[in-house]
$ cat work37.pdb   # PDB, C-alpha atoms and all ligand atoms
ATOM      1  CA  MET A   1      -4.381 -16.633 -10.468
ATOM      2  CA  GLU A   2      -0.725 -15.922 -11.454
ATOM      3  CA  ALA A   3       1.811 -16.755  -8.741
ATOM      4  CA  GLN A   4       3.816 -13.691  -9.810
ATOM      5  CA  ARG A   5       1.708 -10.857 -11.164
ATOM      6  CA  ASP A   6       3.066  -8.041 -13.286
ATOM      7  CA  ARG A   7       3.921  -4.900 -11.299
ATOM      8  CA  SER A   8       5.341  -2.710 -14.067
ATOM      9  CA  ALA A   9       3.274   0.369 -13.146
ATOM     10  CA  TRP A  10       4.552   0.176  -9.560
ATOM     11  CA  LEU A  11       8.172  -0.686 -10.331
ATOM     12  CA  LYS A  12       8.685   1.677 -13.295
ATOM     13  CA  GLY A  13       6.215   4.489 -12.559
ATOM     14  CA  PRO A  14       3.243   5.993 -14.389
ATOM     15  CA  SER A  15       4.823   5.744 -17.866
ATOM     16  CA  ALA A  16       4.484   1.927 -17.669
ATOM     17  CA  THR A  17       1.357  -0.219 -17.809
ATOM     18  CA  CYS A  18       0.961  -3.705 -16.338
ATOM     19  CA  ARG A  19       0.992  -6.592 -18.831
ATOM     20  CA  VAL A  20      -1.335  -8.579 -16.580
ATOM     21  CA  PRO A  21      -4.045  -6.171 -15.408
ATOM     22  CA  ALA A  22      -5.543  -6.773 -11.974
ATOM     23  CA  HIS A  23      -8.790  -8.718 -11.903
ATOM     24  CA  GLU A  24     -11.696  -6.706 -10.637
ATOM     25  CA  THR A  25     -12.580  -8.393  -7.350
ATOM     26  CA  GLU A  26     -15.762  -8.033  -5.320
ATOM     27  CA  ARG A  27     -13.602  -7.553  -2.256
ATOM     28  CA  PRO A  28     -10.427  -5.562  -3.021
ATOM     29  CA  TRP A  29      -8.167  -5.900   0.040
ATOM     30  CA  ARG A  30      -6.181  -2.815   1.036
ATOM     31  CA  LEU A  31      -3.536  -3.736   3.602
ATOM     32  CA  ILE A  32      -0.219  -2.501   5.012
ATOM     33  CA  LEU A  33       2.484  -4.957   6.155
ATOM     34  CA  LEU A  34       4.609  -3.743   9.093
ATOM     35  CA  GLY A  35       7.524  -5.403  10.885
ATOM     36  CA  ALA A  36      11.313  -5.238  11.257
ATOM     37  CA  PRO A  37      13.585  -5.881   8.246
ATOM     38  CA  GLY A  38      13.764  -9.628   7.603
ATOM     39  CA  VAL A  39      10.689 -10.540   9.632
ATOM     40  CA  GLY A  40       9.177 -12.034   6.452
ATOM     41  CA  LYS A  41       6.873  -9.287   5.118
ATOM     42  CA  GLY A  42       7.888  -9.843   1.488
ATOM     43  CA  THR A  43       7.358 -13.602   1.832
ATOM     44  CA  GLN A  44       3.869 -13.131   3.298
ATOM     45  CA  ALA A  45       3.064 -10.479   0.675
ATOM     46  CA  GLN A  46       3.797 -13.021  -2.106
ATOM     47  CA  LEU A  47       1.423 -15.568  -0.483
ATOM     48  CA  LEU A  48      -1.269 -12.954   0.206
ATOM     49  CA  ALA A  49      -1.063 -11.507  -3.311
ATOM     50  CA  ASP A  50      -1.714 -14.945  -4.743
ATOM     51  CA  ARG A  51      -4.653 -15.666  -2.401
ATOM     52  CA  LEU A  52      -6.338 -12.257  -2.154
ATOM     53  CA  GLY A  53      -5.597 -11.009  -5.677
ATOM     54  CA  ALA A  54      -4.141  -7.731  -4.375
ATOM     55  CA  CYS A  55      -0.849  -6.432  -5.796
ATOM     56  CA  HIS A  56       2.360  -6.471  -3.708
ATOM     57  CA  LEU A  57       3.637  -2.879  -3.634
ATOM     58  CA  SER A  58       7.083  -2.682  -2.021
ATOM     59  CA  THR A  59       8.918   0.660  -1.905
ATOM     60  CA  GLY A  60      12.224  -1.221  -1.455
ATOM     61  CA  ASP A  61      11.574  -3.025  -4.765
ATOM     62  CA  VAL A  62      11.036   0.339  -6.523
ATOM     63  CA  PHE A  63      14.416   1.589  -5.274
ATOM     64  CA  ARG A  64      16.131  -1.666  -6.237
ATOM     65  CA  ALA A  65      14.551  -1.481  -9.719
ATOM     66  CA  ALA A  66      15.835   2.109 -10.068
ATOM     67  CA  LYS A  67      19.330   0.877  -9.230
ATOM     68  CA  CYS A  68      19.266  -1.174 -12.445
ATOM     69  CA  ALA A  69      18.311   1.885 -14.539
ATOM     70  CA  GLU A  70      20.921   3.884 -16.459
ATOM     71  CA  GLU A  71      22.591   6.453 -14.198
ATOM     72  CA  LYS A  72      21.588   9.320 -16.557
ATOM     73  CA  GLU A  73      17.895   8.282 -16.262
ATOM     74  CA  LEU A  74      17.913   8.835 -12.483
ATOM     75  CA  SER A  75      16.713  12.112 -10.978
ATOM     76  CA  PRO A  76      19.180  13.644  -8.431
ATOM     77  CA  ALA A  77      16.725  12.719  -5.622
ATOM     78  CA  MET A  78      16.576   9.090  -6.752
ATOM     79  CA  ALA A  79      20.400   8.862  -7.089
ATOM     80  CA  ALA A  80      20.730  10.203  -3.521
ATOM     81  CA  ALA A  81      18.026   7.748  -2.340
ATOM     82  CA  LEU A  82      20.082   4.804  -3.594
ATOM     83  CA  ASP A  83      23.078   5.917  -1.507
ATOM     84  CA  TYR A  84      20.921   6.053   1.645
ATOM     85  CA  MET A  85      19.583   2.605   0.869
ATOM     86  CA  ARG A  86      23.017   1.010   0.302
ATOM     87  CA  ARG A  87      24.060   2.174   3.783
ATOM     88  CA  GLY A  88      20.855   0.744   5.317
ATOM     89  CA  GLU A  89      19.526   4.216   6.203
ATOM     90  CA  LEU A  90      15.986   5.391   5.507
ATOM     91  CA  VAL A  91      15.478   7.436   2.341
ATOM     92  CA  PRO A  92      14.237  10.994   3.195
ATOM     93  CA  ASP A  93      10.445  11.318   3.469
ATOM     94  CA  PRO A  94      10.009  13.859   0.588
ATOM     95  CA  THR A  95      11.689  11.470  -1.906
ATOM     96  CA  VAL A  96       9.586   8.499  -0.803
ATOM     97  CA  LEU A  97       6.362  10.502  -0.806
ATOM     98  CA  ALA A  98       7.007  11.913  -4.291
ATOM     99  CA  MET A  99       7.610   8.376  -5.551
ATOM    100  CA  VAL A 100       4.395   7.004  -4.024
ATOM    101  CA  LYS A 101       2.292   9.969  -5.223
ATOM    102  CA  GLU A 102       3.523   9.326  -8.791
ATOM    103  CA  ARG A 103       2.148   5.785  -8.415
ATOM    104  CA  VAL A 104      -1.230   6.685  -6.904
ATOM    105  CA  GLY A 105      -2.881   4.732  -9.761
ATOM    106  CA  CYS A 106      -1.619   1.535  -8.071
ATOM    107  CA  LEU A 107      -3.451   2.482  -4.858
ATOM    108  CA  ARG A 108      -6.650   2.965  -6.877
ATOM    109  CA  CYS A 109      -6.218  -0.458  -8.522
ATOM    110  CA  ARG A 110      -9.425  -2.547  -8.649
ATOM    111  CA  GLY A 111      -7.525  -5.548  -7.265
ATOM    112  CA  GLY A 112      -6.531  -3.763  -4.024
ATOM    113  CA  PHE A 113      -3.000  -3.430  -2.620
ATOM    114  CA  LEU A 114      -0.500  -4.857  -0.108
ATOM    115  CA  LEU A 115       1.834  -2.027   0.868
ATOM    116  CA  ASP A 116       5.216  -3.372   2.065
ATOM    117  CA  GLY A 117       7.896  -1.009   3.404
ATOM    118  CA  PHE A 118       5.646   2.042   3.215
ATOM    119  CA  PRO A 119       4.830   3.888   5.389
ATOM    120  CA  ARG A 120       8.086   3.767   7.319
ATOM    121  CA  THR A 121       7.745   6.896   9.510
ATOM    122  CA  VAL A 122       4.816   8.629  11.208
ATOM    123  CA  ALA A 123       5.148  11.502   8.692
ATOM    124  CA  GLN A 124       4.742   8.990   5.818
ATOM    125  CA  ALA A 125       1.726   7.414   7.592
ATOM    126  CA  GLU A 126       0.051  10.807   7.916
ATOM    127  CA  ALA A 127       0.706  11.561   4.240
ATOM    128  CA  LEU A 128      -0.720   8.156   3.218
ATOM    129  CA  ARG A 129      -3.826   8.730   5.357
ATOM    130  CA  ASP A 130      -4.415  12.076   3.583
ATOM    131  CA  LEU A 131      -3.798  10.521   0.150
ATOM    132  CA  LEU A 132      -6.277   7.679   0.778
ATOM    133  CA  THR A 133      -8.884  10.111   2.141
ATOM    134  CA  ARG A 134      -8.557  12.233  -1.035
ATOM    135  CA  GLU A 135      -9.031   9.088  -3.151
ATOM    136  CA  SER A 136     -11.989   7.890  -0.970
ATOM    137  CA  LEU A 137     -10.132   4.635  -0.236
ATOM    138  CA  GLU A 138     -10.368   2.818   3.103
ATOM    139  CA  LEU A 139      -7.558   0.739   4.662
ATOM    140  CA  ASP A 140      -8.730  -2.720   5.784
ATOM    141  CA  GLY A 141      -5.933  -3.224   8.284
ATOM    142  CA  VAL A 142      -2.248  -3.080   9.185
ATOM    143  CA  LEU A 143      -0.574  -6.483   9.666
ATOM    144  CA  ASP A 144       2.191  -6.111  12.257
ATOM    145  CA  TYR A 145       4.594  -9.104  12.144
ATOM    146  CA  GLU A 146       6.596  -9.732  15.351
ATOM    147  CA  LEU A 147       9.746 -11.884  15.761
ATOM    148  CA  PRO A 148      12.826 -12.081  18.109
ATOM    149  CA  ILE A 149      15.953 -10.415  16.684
ATOM    150  CA  ASP A 150      18.174 -13.575  16.488
ATOM    151  CA  GLU A 151      15.672 -15.237  14.176
ATOM    152  CA  ILE A 152      15.488 -12.070  12.038
ATOM    153  CA  VAL A 153      19.267 -11.951  11.535
ATOM    154  CA  SER A 154      19.320 -15.618  10.456
ATOM    155  CA  ARG A 155      16.498 -15.012   7.963
ATOM    156  CA  LEU A 156      18.373 -12.061   6.417
ATOM    157  CA  SER A 157      21.744 -13.772   6.103
ATOM    158  CA  GLY A 158      20.254 -16.667   4.082
ATOM    159  CA  ARG A 159      17.967 -14.582   1.878
ATOM    160  CA  ARG A 160      18.364 -14.699  -1.912
ATOM    161  CA  THR A 161      16.173 -12.623  -4.262
ATOM    162  CA  CYS A 162      15.470 -13.118  -7.969
ATOM    163  CA  GLY A 163      17.165 -10.326  -9.928
ATOM    164  CA  SER A 164      14.350 -10.454 -12.451
ATOM    165  CA  CYS A 165      10.913 -11.066 -10.842
ATOM    166  CA  LYS A 166      12.003 -10.239  -7.228
ATOM    167  CA  ALA A 167      10.692 -13.525  -5.765
ATOM    168  CA  VAL A 168      12.294 -14.278  -2.382
ATOM    169  CA  PHE A 169      14.011 -17.533  -1.295
ATOM    170  CA  HIS A 170      16.130 -18.698   1.657
ATOM    171  CA  LEU A 171      19.219 -20.931   1.413
ATOM    172  CA  THR A 172      17.893 -23.376   4.034
ATOM    173  CA  THR A 173      14.219 -22.648   4.826
ATOM    174  CA  MET A 174      12.907 -21.902   1.315
ATOM    175  CA  PRO A 175      15.564 -23.139  -1.129
ATOM    176  CA  PRO A 176      14.917 -22.934  -4.872
ATOM    177  CA  LYS A 177      14.556 -26.237  -6.764
ATOM    178  CA  VAL A 178      17.865 -25.539  -8.592
ATOM    179  CA  ALA A 179      20.566 -23.713  -6.596
ATOM    180  CA  GLY A 180      20.918 -20.073  -7.685
ATOM    181  CA  VAL A 181      17.949 -20.168 -10.121
ATOM    182  CA  CYS A 182      14.471 -18.666  -9.597
ATOM    183  CA  ASP A 183      11.632 -21.264  -9.575
ATOM    184  CA  HIS A 184       9.213 -18.773 -11.158
ATOM    185  CA  CYS A 185      11.106 -17.187 -14.061
ATOM    186  CA  GLY A 186      14.556 -18.843 -14.250
ATOM    187  CA  GLY A 187      16.327 -15.584 -13.276
ATOM    188  CA  ALA A 188      19.559 -15.518 -11.237
ATOM    189  CA  LEU A 189      19.225 -15.392  -7.428
ATOM    190  CA  LEU A 190      21.260 -12.649  -5.752
ATOM    191  CA  GLN A 191      22.123 -11.482  -2.245
ATOM    192  CA  ARG A 192      20.971  -7.944  -1.494
ATOM    193  CA  GLU A 193      23.686  -5.331  -0.834
ATOM    194  CA  ASP A 194      21.924  -4.167   2.332
ATOM    195  CA  ASP A 195      21.920  -7.706   3.801
ATOM    196  CA  ARG A 196      25.617  -7.268   4.677
ATOM    197  CA  PRO A 197      26.012  -7.334   8.519
ATOM    198  CA  GLU A 198      27.009  -3.637   8.826
ATOM    199  CA  SER A 199      23.927  -2.496   6.850
ATOM    200  CA  VAL A 200      21.621  -4.884   8.740
ATOM    201  CA  ARG A 201      22.659  -3.239  12.032
ATOM    202  CA  VAL A 202      21.871   0.256  10.662
ATOM    203  CA  ARG A 203      18.498  -0.957   9.315
ATOM    204  CA  MET A 204      17.536  -2.414  12.716
ATOM    205  CA  GLU A 205      18.408   0.887  14.419
ATOM    206  CA  ALA A 206      16.415   2.870  11.848
ATOM    207  CA  TYR A 207      13.481   0.507  12.390
ATOM    208  CA  ALA A 208      13.527   0.945  16.179
ATOM    209  CA  ARG A 209      13.780   4.726  15.859
ATOM    210  CA  SER A 210      11.424   5.543  12.989
ATOM    211  CA  THR A 211       9.178   2.613  12.155
ATOM    212  CA  ALA A 212       8.331   1.041  15.526
ATOM    213  CA  PRO A 213       6.307   4.186  16.550
ATOM    214  CA  LEU A 214       3.983   3.377  13.632
ATOM    215  CA  THR A 215       2.461   0.493  15.605
ATOM    216  CA  GLU A 216       1.113   3.038  18.112
ATOM    217  CA  PHE A 217      -0.150   5.279  15.277
ATOM    218  CA  TYR A 218      -2.173   2.423  13.763
ATOM    219  CA  ARG A 219      -3.279   1.002  17.136
ATOM    220  CA  GLN A 220      -4.855   4.382  17.911
ATOM    221  CA  ALA A 221      -6.489   4.402  14.468
ATOM    222  CA  GLY A 222      -8.035   0.969  15.310
ATOM    223  CA  LYS A 223      -6.281  -0.675  12.321
ATOM    224  CA  LEU A 224      -3.450  -2.667  13.959
ATOM    225  CA  ILE A 225      -3.493  -6.494  13.615
ATOM    226  CA  PRO A 226      -0.521  -8.013  15.546
ATOM    227  CA  ILE A 227       0.684 -11.377  14.173
ATOM    228  CA  SER A 228       3.433 -13.678  15.485
ATOM    229  CA  ALA A 229       5.975 -14.302  12.693
ATOM    230  CA  GLU A 230       7.343 -17.485  14.327
ATOM    231  CA  GLY A 231       7.043 -20.779  12.467
ATOM    232  CA  SER A 232       6.982 -21.655   8.789
ATOM    233  CA  PRO A 233       5.802 -19.203   6.101
ATOM    234  CA  GLU A 234       2.662 -21.354   5.631
ATOM    235  CA  GLU A 235       1.841 -21.280   9.376
ATOM    236  CA  ILE A 236       2.231 -17.504   9.472
ATOM    237  CA  PHE A 237       0.112 -17.202   6.327
ATOM    238  CA  GLN A 238      -2.711 -19.257   7.898
ATOM    239  CA  ARG A 239      -2.477 -17.089  11.046
ATOM    240  CA  THR A 240      -2.779 -14.003   8.839
ATOM    241  CA  LEU A 241      -5.839 -15.305   6.978
ATOM    242  CA  THR A 242      -7.513 -16.177  10.290
ATOM    243  CA  ALA A 243      -6.781 -12.693  11.639
ATOM    244  CA  LEU A 244      -8.282 -11.164   8.500
ATOM    245  CA  GLY A 245     -11.280 -13.505   8.604
ATOM    246  CA  ALA A 246     -10.294 -14.328   5.008
ATOM    247  CA  LYS A 247     -10.040 -18.141   5.173
ATOM    248  CA  GLY A 248     -12.441 -18.594   2.289
ATOM    249  CA  ALA A 249     -10.897 -15.840   0.128
TER     250      ALA A 249
HETATM  251  P1  LIG B 301      12.739  -2.905   2.112
HETATM  252  O1  LIG B 301      12.941  -3.569   0.819
HETATM  253  O2  LIG B 301      11.341  -2.476   2.473
HETATM  254  O3  LIG B 301      13.358  -3.887   3.196
HETATM  255  P2  LIG B 301      12.999  -4.187   4.725
HETATM  256  O4  LIG B 301      11.841  -3.577   5.376
HETATM  257  O5  LIG B 301      14.324  -3.966   5.344
HETATM  258  O6  LIG B 301      12.440  -5.626   4.678
HETATM  259  P3  LIG B 301      13.086  -6.815   3.990
HETATM  260  O7  LIG B 301      12.728  -6.891   2.552
HETATM  261  O8  LIG B 301      14.575  -6.841   4.304
HETATM  262  O9  LIG B 301      12.496  -8.043   4.806
HETATM  263  P4  LIG B 301      11.099  -8.783   4.753
HETATM  264  O10 LIG B 301      10.428  -8.564   6.057
HETATM  265  O11 LIG B 301      10.351  -8.479   3.509
HETATM  266  O12 LIG B 301      11.651 -10.282   4.725
HETATM  267  P5  LIG B 301      11.593 -11.450   3.618
HETATM  268  O13 LIG B 301      10.214 -11.871   3.363
HETATM  269  O14 LIG B 301      12.474 -11.095   2.482
HETATM  270  O15 LIG B 301      13.649  -1.609   2.240
HETATM  271  C1  LIG B 301      15.002  -1.591   1.872
HETATM  272  C2  LIG B 301      15.553  -0.172   2.019
HETATM  273  O16 LIG B 301      14.867   0.735   1.124
HETATM  274  C3  LIG B 301      15.390   0.483   3.379
HETATM  275  O17 LIG B 301      16.423   0.103   4.271
HETATM  276  C4  LIG B 301      15.443   1.987   3.005
HETATM  277  O18 LIG B 301      16.774   2.399   2.757
HETATM  278  C5  LIG B 301      14.679   2.034   1.706
HETATM  279  N1  LIG B 301      13.226   2.288   1.890
HETATM  280  C6  LIG B 301      12.225   1.477   1.449
HETATM  281  N2  LIG B 301      11.025   1.998   1.762
HETATM  282  C7  LIG B 301      11.272   3.150   2.417
HETATM  283  C8  LIG B 301      10.436   4.133   3.018
HETATM  284  N3  LIG B 301       9.100   4.019   2.999
HETATM  285  N4  LIG B 301      11.013   5.195   3.644
HETATM  286  C9  LIG B 301      12.345   5.329   3.670
HETATM  287  N5  LIG B 301      13.205   4.432   3.127
HETATM  288  C10 LIG B 301      12.675   3.350   2.499
HETATM  289  O19 LIG B 301      12.264 -12.619   4.477
HETATM  290  C11 LIG B 301      13.626 -12.598   4.833
HETATM  291  C12 LIG B 301      14.237 -14.006   4.605
HETATM  292  O20 LIG B 301      13.651 -14.943   5.534
HETATM  293  C13 LIG B 301      13.991 -14.588   3.209
HETATM  294  O21 LIG B 301      15.129 -15.253   2.793
HETATM  295  C14 LIG B 301      12.835 -15.578   3.413
HETATM  296  O22 LIG B 301      12.900 -16.661   2.512
HETATM  297  C15 LIG B 301      13.060 -16.047   4.843
HETATM  298  N6  LIG B 301      11.826 -16.320   5.546
HETATM  299  C16 LIG B 301      10.660 -15.610   5.466
HETATM  300  N7  LIG B 301       9.719 -16.135   6.266
HETATM  301  C17 LIG B 301      10.323 -17.197   6.907
HETATM  302  C18 LIG B 301       9.883 -18.155   7.890
HETATM  303  N8  LIG B 301       8.634 -18.122   8.371
HETATM  304  N9  LIG B 301      10.754 -19.079   8.341
HETATM  305  C19 LIG B 301      12.029 -19.121   7.864
HETATM  306  N10 LIG B 301      12.512 -18.265   6.910
HETATM  307  C20 LIG B 301      11.666 -17.319   6.441
END

$ encode --input "work37.pdb" --output "structure tokens" --more "lines below"
Ligand code: AP5
Amino acid sequence: MEAQRDRSAWLKGPSATCRVPAHETERPWRLILLGAPGVGKGTQAQLLADRLGACHLSTGDVFRAAKCAEEKELSPAMAAALDYMRRGELVPDPTVLAMVKERVGCLRCRGGFLLDGFPRTVAQAEALRDLLTRESLELDGVLDYELPIDEIVSRLSGRRTCGSCKAVFHLTTMPPKVAGVCDHCGGALLQREDDRPESVRVRMEAYARSTAPLTEFYRQAGKLIPISAEGSPEEIFQRTLTALGAKGA
């Protein structure tokens, strides 16, 4: 299975098709990844996508991809969304929901999905529940990654992301083979604008206010799977597979 699958339909919207279509799997996993910014959701999503065959669907990646588009191609709502994001604030629910609804084909995908960064508020979770019900799709679970704040801040300050395929590295804990160059596609590794200290603080506050209540929402729905995010990415990955009962997947 490809380490980095094509996500054109998710990143660019319904006008694009994926070069590498998802394999039809007997067991399409449909999961949400929850946890504070920097806890390691994107890193786990990359490992899970490779093992489970489900596509990594990150709303943050869609906004970052839009940032690279020509200014005149952006709708007014998307241009405003990018300003919220730069400051570390949450993008308004209607903008996020419109963007996800446009990409509903990715939720229907035969390979399943790993939603990362969505839902972010209880209103978004309710809208997703209604969307999945309309599509007759069932969520398998919500992985809730937990980590002390000091460790989170150190993970964010050393993060570097490939400008091309979006693969994630860390200067000390997951360095690329060649400094500044992506192991997967040779693209340049960049620091995200919202990893500056002032934006990180705003993101943590937004998380505590808007996203943390989601754990209660999914606990009540019987979907919450709490997972300690301490240790190496591989240790956390093994913990996740055990929690999913997916060791042999
Ligand atoms: P988004 O892109 O979703 O960012 P986030 O939730 O802030 O999460 P991150 O990507 O920062 O962290 P992560 O947990 O994925 O960590 P990673 O694996 O990279 O959102 C960005 C913005 O978009 C939001 O602030 C908002 O403005 C907007 N937005 C997006 N969705 C929205 C929505 N639904 N509603 C409203 N607004 C929305 O890991 C971090 C670093 O640690 C990496 O360098 C990694 O290599 C390293 N690392 C990972 N695991 C380990 C480990 N076990 N040990 C040591 N280092 C590790």

$ resolve_selection --input "work37.pdb" --expression "the PyMOL selection byres (((chain A and resi 211) around 9) and not hetatm)" --output "list in words"
Leu34, Gly35, Ala36, Pro119, Arg120, Thr121, Val122, Ala206, Tyr207, Ala208, Arg209, Ser210, Ala212, Pro213, Leu214 and Thr215 of chain A

$ resolve_selection --input "work37.pdb" --expression "the PyMOL selection byres (((chain A and resi 174) around 12) and not hetatm)" --output "ChimeraX atom specification"
/A:40,43,155,158-161,167-173,175-179,182-183,232-234

$ closest_residue --input "work37.pdb" --among "A:Cys18, A:Val91, A:Leu128, A:Val39" --to "A:Ile236" --atoms "all atoms listed in the file"
A:Val39

$ resolve_selection --input "work37.pdb" --expression "the PyMOL selection byres (((chain A and resi 49-54) around 6) and not hetatm)" --output "PyMOL selection string"
chain A and resi 3+45-48+55+111-113

$ residues_around --input "work37.pdb" --residues "A:Arg203" --least-positions-apart "6" --cutoff "8 Å" --atoms "all atoms listed in the file" --output "ChimeraX atom specification"
/A:37,88-90

$ atom_distance --input "work37.pdb" --atom1 "atom CA of A:Asp140" --atom2 "atom CA of A:Trp29"
6.6 Å

$ closest_residue --input "work37.pdb" --among "A:Thr240, A:Ser58, A:Ser15, A:Gln220" --to "ligand LIG 301 (chain B)" --atoms "all atoms listed in the file"
A:Ser58

$ closest_residue --input "work37.pdb" --among "A:Asp194, A:Ser8, A:Arg64, A:Tyr218" --to "A:Arg103" --atoms "all atoms listed in the file"
A:Ser8

$ axis_aligned_box --input "work37.pdb" --around "stretch 22-41 of chain A" --padding-each-side "6 Å" --output "lines of an AutoDock Vina configuration file"
center_x = -1.0
center_y = -7.3
center_z = -0.4
size_x = 41.5
size_y = 21.5
size_z = 35.2

$ residues_around --input "work37.pdb" --residues "A:Lys67" --least-positions-apart "6" --cutoff "12 Å" --atoms "only C-alpha atoms" --output "NGL selection string"
:A and (11-12 or 60-61 or 73-75 or 78-83 or 85-86 or 163 or 192-193)

$ closest_residue --input "work37.pdb" --among "A:Pro226, A:Gly180, A:Gly38, A:Pro14" --to "A:Tyr145" --atoms "all atoms listed in the file"
A:Pro226

$ atom_distance --input "work37.pdb" --atom1 "atom CA of A:Arg239" --atom2 "atom N8 of ligand LIG 301 (chain B)"
11.5 Å

$ closest_residue --input "work37.pdb" --among "A:Thr17, A:Thr25, A:Ser154, A:Ser199" --to "A:Tyr84" --atoms "only C-alpha atoms"
A:Ser199

$ atom_distance --input "work37.pdb" --atom1 "atom CA of A:Ala221" --atom2 "atom O20 of ligand LIG 301 (chain B)"
29.3 Å

$ closest_residue --input "work37.pdb" --among "A:Leu97, A:Glu230, A:Leu143, A:Phe237" --to "A:Ala125" --atoms "all atoms listed in the file"
A:Leu97

$ residues_near_point --input "work37.pdb" --point "(2.1, 4.1, -9.8)" --cutoff "8 Å" --atoms "all atoms listed in the file" --output "list in words"
Ala9, Trp10, Leu11, Lys12, Gly13, Pro14, Val100, Lys101, Glu102, Arg103, Val104, Gly105, Cys106 and Leu107 of chain A
